[in-house]
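The next block is my_file_30.txt, given as compact mmCIF, C-alpha atoms.
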```txt
# COMPACT_ATOMS: atom_id res chain seq x y z
CA MET A 14 -3.81 -18.38 -22.33
CA THR A 15 -4.95 -21.85 -21.41
CA THR A 16 -6.96 -21.41 -18.24
CA THR A 17 -10.66 -20.65 -18.41
CA SER A 18 -11.62 -17.24 -17.09
CA ILE A 19 -14.02 -16.99 -14.18
CA THR A 20 -17.40 -15.36 -14.58
CA LEU A 21 -18.89 -13.34 -11.75
CA SER A 22 -22.42 -12.36 -10.94
CA GLU A 23 -21.79 -8.72 -10.18
CA THR A 24 -24.11 -7.16 -7.66
CA PRO A 25 -23.62 -3.40 -7.21
CA ARG A 26 -21.67 -4.20 -4.04
CA VAL A 27 -19.30 -6.54 -5.88
CA GLN A 28 -18.83 -3.87 -8.57
CA THR A 29 -17.88 -1.31 -5.92
CA TYR A 30 -15.30 -3.66 -4.43
CA LEU A 31 -13.87 -4.54 -7.84
CA ALA A 32 -13.66 -0.90 -8.97
CA LEU A 33 -11.56 -0.09 -5.89
CA ALA A 34 -9.46 -3.25 -6.13
CA ASP A 35 -8.86 -3.02 -9.89
CA ASP A 36 -7.86 0.66 -9.61
CA ALA A 37 -5.24 -0.27 -7.02
CA LEU A 38 -3.99 -3.37 -8.82
CA VAL A 39 -3.68 -1.82 -12.27
CA LEU A 40 -1.97 1.36 -11.05
CA GLY A 41 0.19 -0.75 -8.72
CA HIS A 42 1.30 -2.91 -11.63
CA ARG A 43 2.01 0.13 -13.82
CA THR A 44 4.03 1.73 -11.03
CA SER A 45 6.00 -1.48 -10.48
CA GLU A 46 7.12 -1.30 -14.13
CA TRP A 47 9.50 1.47 -13.03
CA THR A 48 11.48 -0.97 -10.88
CA GLY A 49 14.96 -1.05 -12.37
CA HIS A 50 14.30 2.01 -14.56
CA ALA A 51 13.74 4.91 -12.15
CA PRO A 52 15.84 8.04 -12.70
CA LEU A 53 17.61 7.79 -9.32
CA LEU A 54 18.02 5.31 -6.50
CA GLU A 55 15.74 7.07 -3.99
CA GLU A 56 13.00 7.24 -6.61
CA GLU A 57 13.51 3.58 -7.41
CA LEU A 58 12.77 2.78 -3.75
CA ALA A 59 9.88 5.22 -3.61
CA LEU A 60 8.07 3.90 -6.69
CA ALA A 61 8.62 0.28 -5.66
CA ASN A 62 7.24 1.08 -2.20
CA ILE A 63 4.21 2.86 -3.63
CA ALA A 64 3.54 -0.04 -6.00
CA LEU A 65 3.75 -2.41 -3.03
CA ASP A 66 1.25 -0.32 -1.05
CA LEU A 67 -1.19 -0.31 -3.98
CA ILE A 68 -0.90 -4.04 -4.60
CA GLY A 69 -1.34 -4.63 -0.85
CA GLN A 70 -4.51 -2.53 -0.89
CA ALA A 71 -5.73 -4.46 -3.93
CA ARG A 72 -5.16 -7.76 -2.12
CA MET A 73 -7.20 -6.71 0.90
CA LEU A 74 -10.01 -5.54 -1.40
CA TYR A 75 -9.97 -8.76 -3.46
CA GLN A 76 -10.07 -10.76 -0.23
CA ALA A 77 -13.13 -8.77 0.82
CA ALA A 78 -14.66 -9.29 -2.64
CA GLY A 79 -13.86 -12.98 -2.29
CA ASP A 80 -16.16 -13.20 0.72
CA LEU A 81 -18.97 -12.04 -1.57
CA THR A 82 -18.10 -13.93 -4.75
CA GLY A 83 -16.51 -17.13 -3.47
CA HIS A 84 -13.41 -16.51 -5.60
CA SER A 85 -9.89 -16.21 -4.22
CA GLU A 86 -7.83 -13.04 -4.57
CA ASP A 87 -5.63 -14.81 -7.13
CA GLU A 88 -8.62 -15.88 -9.23
CA LEU A 89 -9.98 -12.34 -9.21
CA ALA A 90 -6.64 -10.86 -10.27
CA TYR A 91 -5.47 -13.50 -12.71
CA LEU A 92 -8.55 -15.15 -14.19
CA ARG A 93 -10.61 -12.23 -15.46
CA ASP A 94 -10.41 -10.83 -18.99
CA PRO A 95 -10.15 -7.09 -19.73
CA PRO A 96 -13.94 -6.48 -20.07
CA ALA A 97 -14.41 -7.83 -16.52
CA PHE A 98 -12.02 -5.26 -15.05
CA ARG A 99 -13.70 -2.23 -13.44
CA ASN A 100 -10.72 0.13 -13.10
CA ALA A 101 -10.88 3.70 -14.35
CA LEU A 102 -9.06 4.16 -17.69
CA ILE A 103 -6.46 6.50 -16.18
CA MET A 104 -4.90 3.60 -14.23
CA GLU A 105 -4.06 1.54 -17.33
CA LEU A 106 -2.46 4.26 -19.47
CA PRO A 107 1.21 3.45 -20.17
CA ASN A 108 3.71 5.14 -17.85
CA GLY A 109 5.04 7.56 -20.45
CA ASP A 110 7.92 9.66 -19.13
CA PHE A 111 8.67 10.34 -15.48
CA ALA A 112 6.56 13.52 -15.54
CA PHE A 113 3.54 11.58 -16.79
CA THR A 114 4.01 8.92 -14.11
CA ILE A 115 4.27 11.53 -11.36
CA ALA A 116 1.39 13.64 -12.66
CA ARG A 117 -0.90 10.60 -12.78
CA LEU A 118 0.21 9.44 -9.34
CA PHE A 119 -0.62 12.89 -7.99
CA LEU A 120 -4.05 13.24 -9.66
CA VAL A 121 -5.08 9.69 -8.70
CA SER A 122 -3.69 9.79 -5.16
CA VAL A 123 -5.59 12.98 -4.31
CA ALA A 124 -8.81 11.30 -5.46
CA SER A 125 -7.98 8.12 -3.52
CA ASP A 126 -7.08 10.08 -0.41
CA GLN A 127 -10.48 11.82 -0.46
CA LYS A 128 -12.29 8.55 -1.19
CA TRP A 129 -10.69 6.75 1.81
CA ARG A 130 -11.37 9.72 4.09
CA ARG A 131 -15.01 10.10 3.02
CA GLY A 132 -15.53 6.60 4.36
CA PHE A 133 -17.96 3.82 3.50
CA ASP A 134 -21.13 2.48 5.04
CA ASP A 135 -19.64 -1.00 4.68
CA PRO A 136 -17.44 -2.46 7.45
CA ALA A 137 -15.13 -4.39 5.10
CA LEU A 138 -14.34 -1.28 3.04
CA THR A 139 -14.00 0.85 6.17
CA ALA A 140 -11.37 -1.57 7.45
CA VAL A 141 -9.35 -1.28 4.23
CA ALA A 142 -9.77 2.50 4.16
CA GLU A 143 -8.42 2.83 7.70
CA LYS A 144 -5.11 1.32 6.58
CA ALA A 145 -4.98 2.71 3.07
CA MET A 146 -5.57 6.37 4.02
CA LYS A 147 -2.21 6.69 5.75
CA GLU A 148 -0.35 5.14 2.83
CA THR A 149 -2.23 7.25 0.30
CA ALA A 150 -1.53 10.49 2.20
CA TYR A 151 2.14 9.59 1.89
CA HIS A 152 1.76 9.05 -1.87
CA VAL A 153 0.03 12.42 -2.28
CA ARG A 154 2.86 14.21 -0.54
CA HIS A 155 5.56 12.45 -2.55
CA ALA A 156 3.87 13.03 -5.91
CA ALA A 157 3.05 16.67 -5.07
CA GLU A 158 6.67 17.39 -4.09
CA TRP A 159 7.86 15.97 -7.40
CA LEU A 160 5.22 17.74 -9.47
CA ILE A 161 6.22 21.09 -7.95
CA ARG A 162 9.90 20.26 -8.56
CA LEU A 163 9.24 19.33 -12.21
CA GLY A 164 6.83 22.13 -13.00
CA ASP A 165 8.93 24.86 -11.45
CA ALA A 166 12.34 23.78 -12.72
CA THR A 167 13.73 23.77 -16.25
CA GLU A 168 11.88 24.68 -19.42
CA GLU A 169 11.92 21.04 -20.48
CA SER A 170 10.67 19.62 -17.17
CA HIS A 171 7.92 22.26 -17.11
CA ARG A 172 6.86 21.42 -20.65
CA ARG A 173 6.77 17.70 -19.92
CA ALA A 174 4.81 18.19 -16.69
CA GLN A 175 2.29 20.46 -18.46
CA ASP A 176 1.92 17.99 -21.35
CA ALA A 177 1.24 15.24 -18.84
CA ILE A 178 -1.40 17.23 -16.94
CA ASP A 179 -3.10 18.22 -20.22
CA ALA A 180 -3.11 14.64 -21.52
CA LEU A 181 -4.36 13.17 -18.25
CA TRP A 182 -7.08 15.71 -17.51
CA PRO A 183 -9.81 14.14 -19.73
CA PHE A 184 -9.24 10.86 -17.85
CA THR A 185 -9.80 12.36 -14.39
CA GLY A 186 -13.59 12.64 -14.63
CA GLU A 187 -14.10 8.90 -14.35
CA MET A 188 -12.19 8.52 -11.09
CA THR A 189 -13.58 11.48 -9.14
CA GLU A 190 -17.01 10.65 -7.75
CA ILE A 191 -17.30 14.13 -6.30
CA ARG A 192 -15.52 16.71 -8.44
CA GLU A 193 -15.40 19.90 -6.37
CA PRO A 194 -13.26 18.78 -3.40
CA TRP A 195 -10.80 17.14 -5.79
CA LEU A 196 -10.43 20.30 -7.89
CA HIS A 197 -10.02 22.23 -4.67
CA ALA A 198 -7.15 19.99 -3.51
CA VAL A 199 -5.38 19.78 -6.87
CA ALA A 200 -5.46 23.50 -7.73
CA PRO A 201 -2.97 24.86 -5.13
CA ILE A 202 -0.33 22.25 -6.03
CA LEU A 203 -0.66 22.97 -9.76
CA HIS A 204 -0.35 26.66 -8.92
CA ARG A 205 2.84 26.11 -6.89
CA ALA A 206 4.18 23.99 -9.73
CA THR A 207 3.49 26.94 -12.09
CA LEU A 208 1.33 24.59 -14.15
CA ARG A 209 -1.84 25.65 -15.92
CA GLN A 210 -4.98 23.87 -14.73
CA PRO A 211 -6.97 22.64 -17.74
CA ASN A 212 -10.67 23.39 -17.93
CA ASP A 213 -13.07 20.55 -17.35
CA GLY A 214 -14.42 19.51 -20.73
CA TRP A 215 -15.40 16.23 -22.33
CA MET A 216 -14.25 13.33 -20.20
CA GLN A 217 -13.13 9.82 -21.21
CA SER A 218 -15.02 7.02 -19.52
CA GLY A 219 -15.92 3.37 -19.95
CA GLY A 220 -13.46 1.59 -17.66
CA ARG A 221 -16.00 1.03 -14.90
CA ALA A 222 -18.26 -0.68 -17.50
CA GLY A 223 -15.41 -2.82 -18.84
CA ARG A 224 -14.77 -0.78 -22.01
CA HIS A 225 -11.00 -0.48 -21.82
CA SER A 226 -8.18 0.79 -23.98
CA GLU A 227 -5.92 -1.73 -25.71
CA HIS A 228 -3.32 -1.00 -23.00
CA LEU A 229 -5.13 -3.04 -20.35
CA GLY A 230 -5.01 -6.16 -22.51
CA HIS A 231 -1.24 -5.93 -22.82
CA LEU A 232 -0.83 -5.23 -19.11
CA LEU A 233 -2.99 -8.21 -18.13
CA ALA A 234 -1.29 -10.49 -20.65
CA GLU A 235 2.01 -9.86 -18.91
CA MET A 236 0.55 -10.06 -15.42
CA GLN A 237 -1.57 -13.18 -15.98
CA VAL A 238 0.58 -15.30 -18.28
CA LEU A 239 2.19 -17.41 -15.57
CA PRO A 240 -0.88 -18.42 -13.53
CA ARG A 241 -2.82 -19.00 -16.76
CA THR A 242 -0.13 -21.14 -18.34
CA TYR A 243 0.70 -23.08 -15.18
CA PRO A 244 -2.55 -23.20 -13.19
CA GLY A 245 -1.98 -23.65 -9.47
CA ALA A 246 1.79 -23.11 -9.79
CA THR A 247 3.52 -22.47 -6.47
CA TRP A 248 7.02 -21.26 -5.68
CA MET B 7 -3.03 -34.81 28.21
CA VAL B 8 -2.44 -31.10 27.99
CA THR B 9 -5.19 -28.90 29.35
CA ASP B 10 -6.67 -26.25 27.09
CA ASP B 11 -5.37 -23.48 29.35
CA ALA B 12 -1.83 -24.83 29.30
CA LEU B 13 -1.92 -25.30 25.55
CA LEU B 14 -3.21 -21.78 25.03
CA GLU B 15 -0.53 -20.35 27.26
CA ARG B 16 2.20 -22.21 25.39
CA ALA B 17 0.70 -21.26 22.04
CA ARG B 18 0.54 -17.62 23.05
CA ALA B 19 4.17 -17.59 24.24
CA ALA B 20 5.32 -19.33 21.04
CA ALA B 21 3.42 -16.90 18.79
CA ALA B 22 4.61 -13.86 20.72
CA ALA B 23 8.26 -14.88 20.34
CA VAL B 24 8.17 -15.03 16.51
CA THR B 25 10.45 -12.38 15.05
CA ASP B 26 10.13 -10.00 12.10
CA PRO B 27 12.27 -11.35 9.24
CA GLU B 28 13.30 -7.81 8.27
CA LEU B 29 13.99 -6.65 11.85
CA PRO B 30 15.08 -9.90 13.55
CA PRO B 31 15.54 -8.50 17.08
CA LEU B 32 11.86 -7.45 17.15
CA THR B 33 9.18 -9.98 18.04
CA VAL B 34 5.56 -9.78 16.92
CA ASP B 35 4.79 -8.89 20.54
CA ASP B 36 7.22 -5.94 20.35
CA LEU B 37 5.58 -4.80 17.10
CA GLY B 38 2.11 -4.92 18.65
CA ILE B 39 0.63 -7.01 15.85
CA LEU B 40 -0.42 -10.02 17.97
CA ARG B 41 -4.09 -9.45 18.76
CA GLU B 42 -5.52 -12.67 20.14
CA VAL B 43 -4.78 -16.34 20.68
CA ARG B 44 -7.82 -18.53 21.31
CA LEU B 45 -9.15 -22.04 20.97
CA ASP B 46 -11.87 -22.60 18.41
CA ASN B 47 -13.18 -26.15 18.35
CA GLY B 48 -9.74 -27.68 18.89
CA THR B 49 -7.98 -25.28 16.52
CA VAL B 50 -5.64 -22.64 17.92
CA GLU B 51 -6.57 -19.41 16.20
CA VAL B 52 -4.01 -16.61 16.22
CA ALA B 53 -5.21 -13.17 15.15
CA ILE B 54 -2.63 -10.68 13.90
CA THR B 55 -2.95 -7.16 12.51
CA PRO B 56 -1.09 -6.39 9.28
CA THR B 57 1.27 -3.43 9.51
CA TYR B 58 1.46 -1.88 6.03
CA SER B 59 -1.00 -3.14 3.39
CA GLY B 60 1.75 -4.38 1.11
CA CYS B 61 4.34 -5.46 3.68
CA PRO B 62 5.82 -8.68 2.23
CA ALA B 63 6.98 -9.78 5.69
CA MET B 64 3.40 -10.39 6.87
CA ARG B 65 3.07 -13.64 4.95
CA GLU B 66 6.33 -14.94 6.39
CA ILE B 67 5.36 -13.86 9.88
CA ALA B 68 2.00 -15.64 9.55
CA ASP B 69 3.74 -18.85 8.38
CA ALA B 70 6.31 -18.61 11.18
CA ILE B 71 3.56 -18.15 13.78
CA ALA B 72 1.71 -21.21 12.51
CA ALA B 73 4.91 -23.27 12.65
CA ALA B 74 5.81 -22.04 16.16
CA VAL B 75 2.34 -22.74 17.55
CA ARG B 76 2.38 -26.23 16.03
CA GLU B 77 5.81 -26.77 17.58
CA ALA B 78 4.30 -25.76 20.94
CA GLY B 79 1.93 -28.70 20.74
CA ALA B 80 -1.12 -27.49 18.85
CA ALA B 81 -2.43 -30.03 16.36
CA LYS B 82 -4.41 -27.53 14.34
CA VAL B 83 -3.51 -23.86 13.84
CA ARG B 84 -5.13 -21.03 11.94
CA VAL B 85 -3.67 -17.53 11.55
CA ARG B 86 -6.27 -14.87 10.88
CA LEU B 87 -5.61 -11.31 9.67
CA VAL B 88 -7.63 -8.65 11.47
CA LEU B 89 -7.81 -5.25 9.77
CA THR B 90 -9.70 -3.27 12.43
CA PRO B 91 -8.69 -1.50 14.49
CA ALA B 92 -5.88 -0.62 12.09
CA TRP B 93 -2.34 -1.12 13.35
CA THR B 94 -0.47 2.01 14.28
CA THR B 95 3.14 2.59 15.29
CA ASP B 96 1.75 3.67 18.68
CA TRP B 97 1.35 -0.05 19.37
CA LEU B 98 5.13 -0.59 19.31
CA THR B 99 6.21 -1.41 22.85
CA ASP B 100 8.88 0.55 24.70
CA ALA B 101 11.09 -2.52 24.32
CA ALA B 102 10.61 -2.27 20.54
CA ARG B 103 11.60 1.39 20.52
CA GLY B 104 14.76 0.54 22.47
CA LYS B 105 15.63 -2.29 20.08
CA LEU B 106 15.13 -0.02 17.06
CA LEU B 107 17.52 2.52 18.58
CA ASP B 108 20.06 -0.26 19.17
CA LEU B 109 19.78 -1.13 15.46
CA GLY B 110 20.50 2.48 14.53
CA ILE B 111 16.91 3.07 13.43
CA ALA B 112 15.09 6.12 14.78
CA PRO B 113 11.83 4.92 16.39
CA PRO B 114 8.56 6.53 15.29
CA GLU B 115 7.31 9.62 17.05
CA PRO B 116 4.34 8.76 19.24
CA GLY B 117 0.94 9.95 18.04
CA GLN B 118 -0.86 8.71 14.96
CA GLY B 119 -2.52 10.62 12.16
CA THR B 120 -1.30 12.74 9.33
CA GLU B 121 0.58 15.23 11.50
CA ALA B 122 2.69 12.48 13.02
CA LEU B 123 2.99 10.73 9.67
CA PHE B 124 4.49 13.83 8.13
CA GLY B 125 6.00 14.76 11.51
CA ARG B 126 9.21 16.57 12.05
CA SER B 127 11.75 16.12 9.33
CA ASN B 128 14.50 16.67 11.93
CA VAL B 129 14.14 13.25 13.56
CA PRO B 130 16.72 12.82 16.37
CA CYS B 131 19.81 10.92 15.17
CA PRO B 132 19.84 7.41 16.73
CA ARG B 133 23.64 7.59 17.09
CA CYS B 134 24.51 11.06 18.39
CA HIS B 135 20.97 12.23 19.33
CA SER B 136 21.39 15.50 17.48
CA THR B 137 18.19 16.94 16.03
CA ASN B 138 20.21 18.67 13.35
CA THR B 139 19.09 16.10 10.76
CA GLU B 140 17.33 16.08 7.42
CA ARG B 141 15.15 13.71 5.42
CA ILE B 142 16.84 12.30 2.32
CA SER B 143 13.93 10.22 1.07
CA ALA B 144 10.42 9.54 2.31
CA PHE B 145 10.82 5.91 1.27
CA GLY B 146 13.43 3.40 2.40
CA SER B 147 14.49 -0.22 2.05
CA THR B 148 11.20 -1.47 3.54
CA ALA B 149 7.65 -0.11 3.66
CA CYS B 150 8.07 0.98 7.30
CA LYS B 151 11.18 3.13 6.98
CA ALA B 152 12.39 6.44 5.51
CA LEU B 153 15.96 7.67 4.90
CA HIS B 154 17.46 10.51 6.93
CA ARG B 155 20.90 12.01 7.46
CA CYS B 156 22.49 13.53 10.55
CA LEU B 157 24.12 16.87 9.81
CA ASN B 158 26.01 16.70 13.11
CA CYS B 159 27.76 13.28 12.98
CA ARG B 160 27.20 13.01 9.20
CA GLU B 161 25.81 9.45 9.47
CA PRO B 162 22.89 8.47 7.28
CA PHE B 163 20.21 6.56 9.19
CA GLU B 164 16.80 5.00 8.77
CA ALA B 165 13.74 6.22 10.62
CA PHE B 166 10.63 4.16 11.32
CA LYS B 167 7.68 5.96 9.70
CA CYS B 168 4.83 7.06 11.94
CA HIS B 169 1.79 5.18 10.84
```
Whole structure, structure tokens version:
Amino acid sequence: MTTTSITLSETPRVQTYLALADDALVLGHRTSEWTGHAPLLEEELALANIALDLIGQARMLYQAAGDLTGHSEDELAYLRDPPAFRNALIMELPNGDFAFTIARLFLVSVASDQKWRRGFDDPALTAVAEKAMKETAYHVRHAAEWLIRLGDATEESHRRAQDAIDALWPFTGEMTEIREPWLHAVAPILHRATLRQPNDGWMQSGGRAGRHSEHLGHLLAEMQVLPRTYPGATW
Amino acid sequence: MVTDDALLERARAAAAAVTDPELPPLTVDDLGILREVRLDNGTVEVAITPTYSGCPAMREIADAIAAAVREAGAAKVRVRLVLTPAWTTDWLTDAARGKLLDLGIAPPEPGQGTEALFGRSNVPCPRCHSTNTERISAFGSTACKALHRCLNCREPFEAFKCH
């Protein structure tokens, strides 16, 4: 790492933008890691498409944040260190198996879907939400279909799906600003998937304040190495 | 000396004729993404609406528009992305729908929103027009398409997603 990181003066508004953008970028990057490894061709296309949607959403949000901070989208993505990232911890967890990837995509997409639909009293975020809500609704459907298929199939796929839901649940508190509607939307799908819904207990948090797991450092190292090693590199 | 009006008209025609690199028969005009062409202090400003947030073709389209408008005689060009109102497949022209059919791609159902997005899974086959079809995958080779199969003529085909 040879390039100096940028430092931002984070007003609450900038923090809101970055939380949304970092959520999308980090989950988009994680999802893109499946490219070349997905269990079947259709799923390869689906996960690559979903990753592309998320990274596209992140770009629009970084551009909007750039109008407030004076930094380009590339600087915001590539020249911040882990403590400056505002994503929820659930986004940075490693992909695990396919069940874990799908379960996370489902839990996160339902929260995102509700967040875009609730709207914002900020024109720049409203503009992004208008585009993102259609894409996110598509992600919810895809992940829900898979979760039902995995949960209600073989003993092994059920076990893996349940393990994933159980492991992810303590990370869901940080990403749901309003809990009740999210629980309400998630419950019927878990039921159809014959999966047990964990009780809400102690929740992991810290991502929004920049206290991340070690996983984010590794993710960013891979994502940022090129622009940091060759500043201003172009294709 | 070219008048501003003549320059604008040429710039508009040049921008409108730029084609989608992933669907070459379709122009940006067909896609409904060209919002405005205007003169701002000697710079031709072209406003376009992105289709899907992550569509990689948008960057290429923006570059191609800038090049085409420059070719049409504009000394300075700026391409601006406008997010609102958000693009919808309802903005595809009738010509675009016809061209999609010619390519063997089922055009999107009219009507935006979640119902249309998740619309009928038995999209009419672009080849034999049978509605005895099924969805193979919600995602296809590009962000704008899904994979379907005709159970009548047995041909797989792509369908433009409603958005």
>> Taking only C-alpha atoms into account and nothing else, which residues of chain B lie no more than 7 Å away from chain A? Please answer as number ranges by chain.
In response: B: 59-60, 89-90, 92, 143, 145-147, 149, 169
So that I can check the surroundings of Leu233 in chain A, please list as a PDB file with C-alpha atoms, in the frame of the given file every protein, DNA and RNA residue that reaches within 8 Å of it, counting all atoms listed in the file and ignoring chain neighbours fewer than 3 positions away.
```pdb
ATOM      1  CA  TYR A  91      -5.470 -13.500 -12.710  1.00  0.00           C
ATOM      2  CA  ASP A  94     -10.410 -10.830 -18.990  1.00  0.00           C
ATOM      3  CA  PRO A  95     -10.150  -7.090 -19.730  1.00  0.00           C
ATOM      4  CA  LEU A 229      -5.130  -3.040 -20.350  1.00  0.00           C
ATOM      5  CA  GLY A 230      -5.010  -6.160 -22.510  1.00  0.00           C
ATOM      6  CA  MET A 236       0.550 -10.060 -15.420  1.00  0.00           C
ATOM      7  CA  GLN A 237      -1.570 -13.180 -15.980  1.00  0.00           C
ATOM      8  CA  VAL A 238       0.580 -15.300 -18.280  1.00  0.00           C
TER       9      VAL A 238
END
```
> What's the 9 Å shell around Lys105 in chain B, counting all atoms listed in the file, without same-chain residues fewer than 6 positions away, as an MDAnalysis selection string?
Replying inline: chainID B and resid 31:32 111 113
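If you look at CA of Pro107 in chain A and CA of Tyr30 in chain A, they are 23.9 Å away from each other.
Closest approach to Asp213 in chain A from the set A:Asp179, A:Ala157, A:Arg241, A:His225 is made by A:Asp179, with distances taken over all atoms listed in the file.
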> Interatomic distance between CA of Lys128 in chain A and CA of Ala206 in chain A?
Replying inline: 24.1 Å
>> Within 8 Å of (-5.4, -11.6, 20.5) in the file's own coordinates, which protein, DNA or RNA residues have an atom, counting all atoms listed in the file? List them as a count of residues only.
In response: 8
> Near Pro211 in chain A, within 10 Å and counting all atoms listed in the file, which residues show up once chain neighbours fewer than 3 positions away are dropped, as an MDAnalysis selection string?
Replying inline: chainID A and resid 175 178:183 208 214
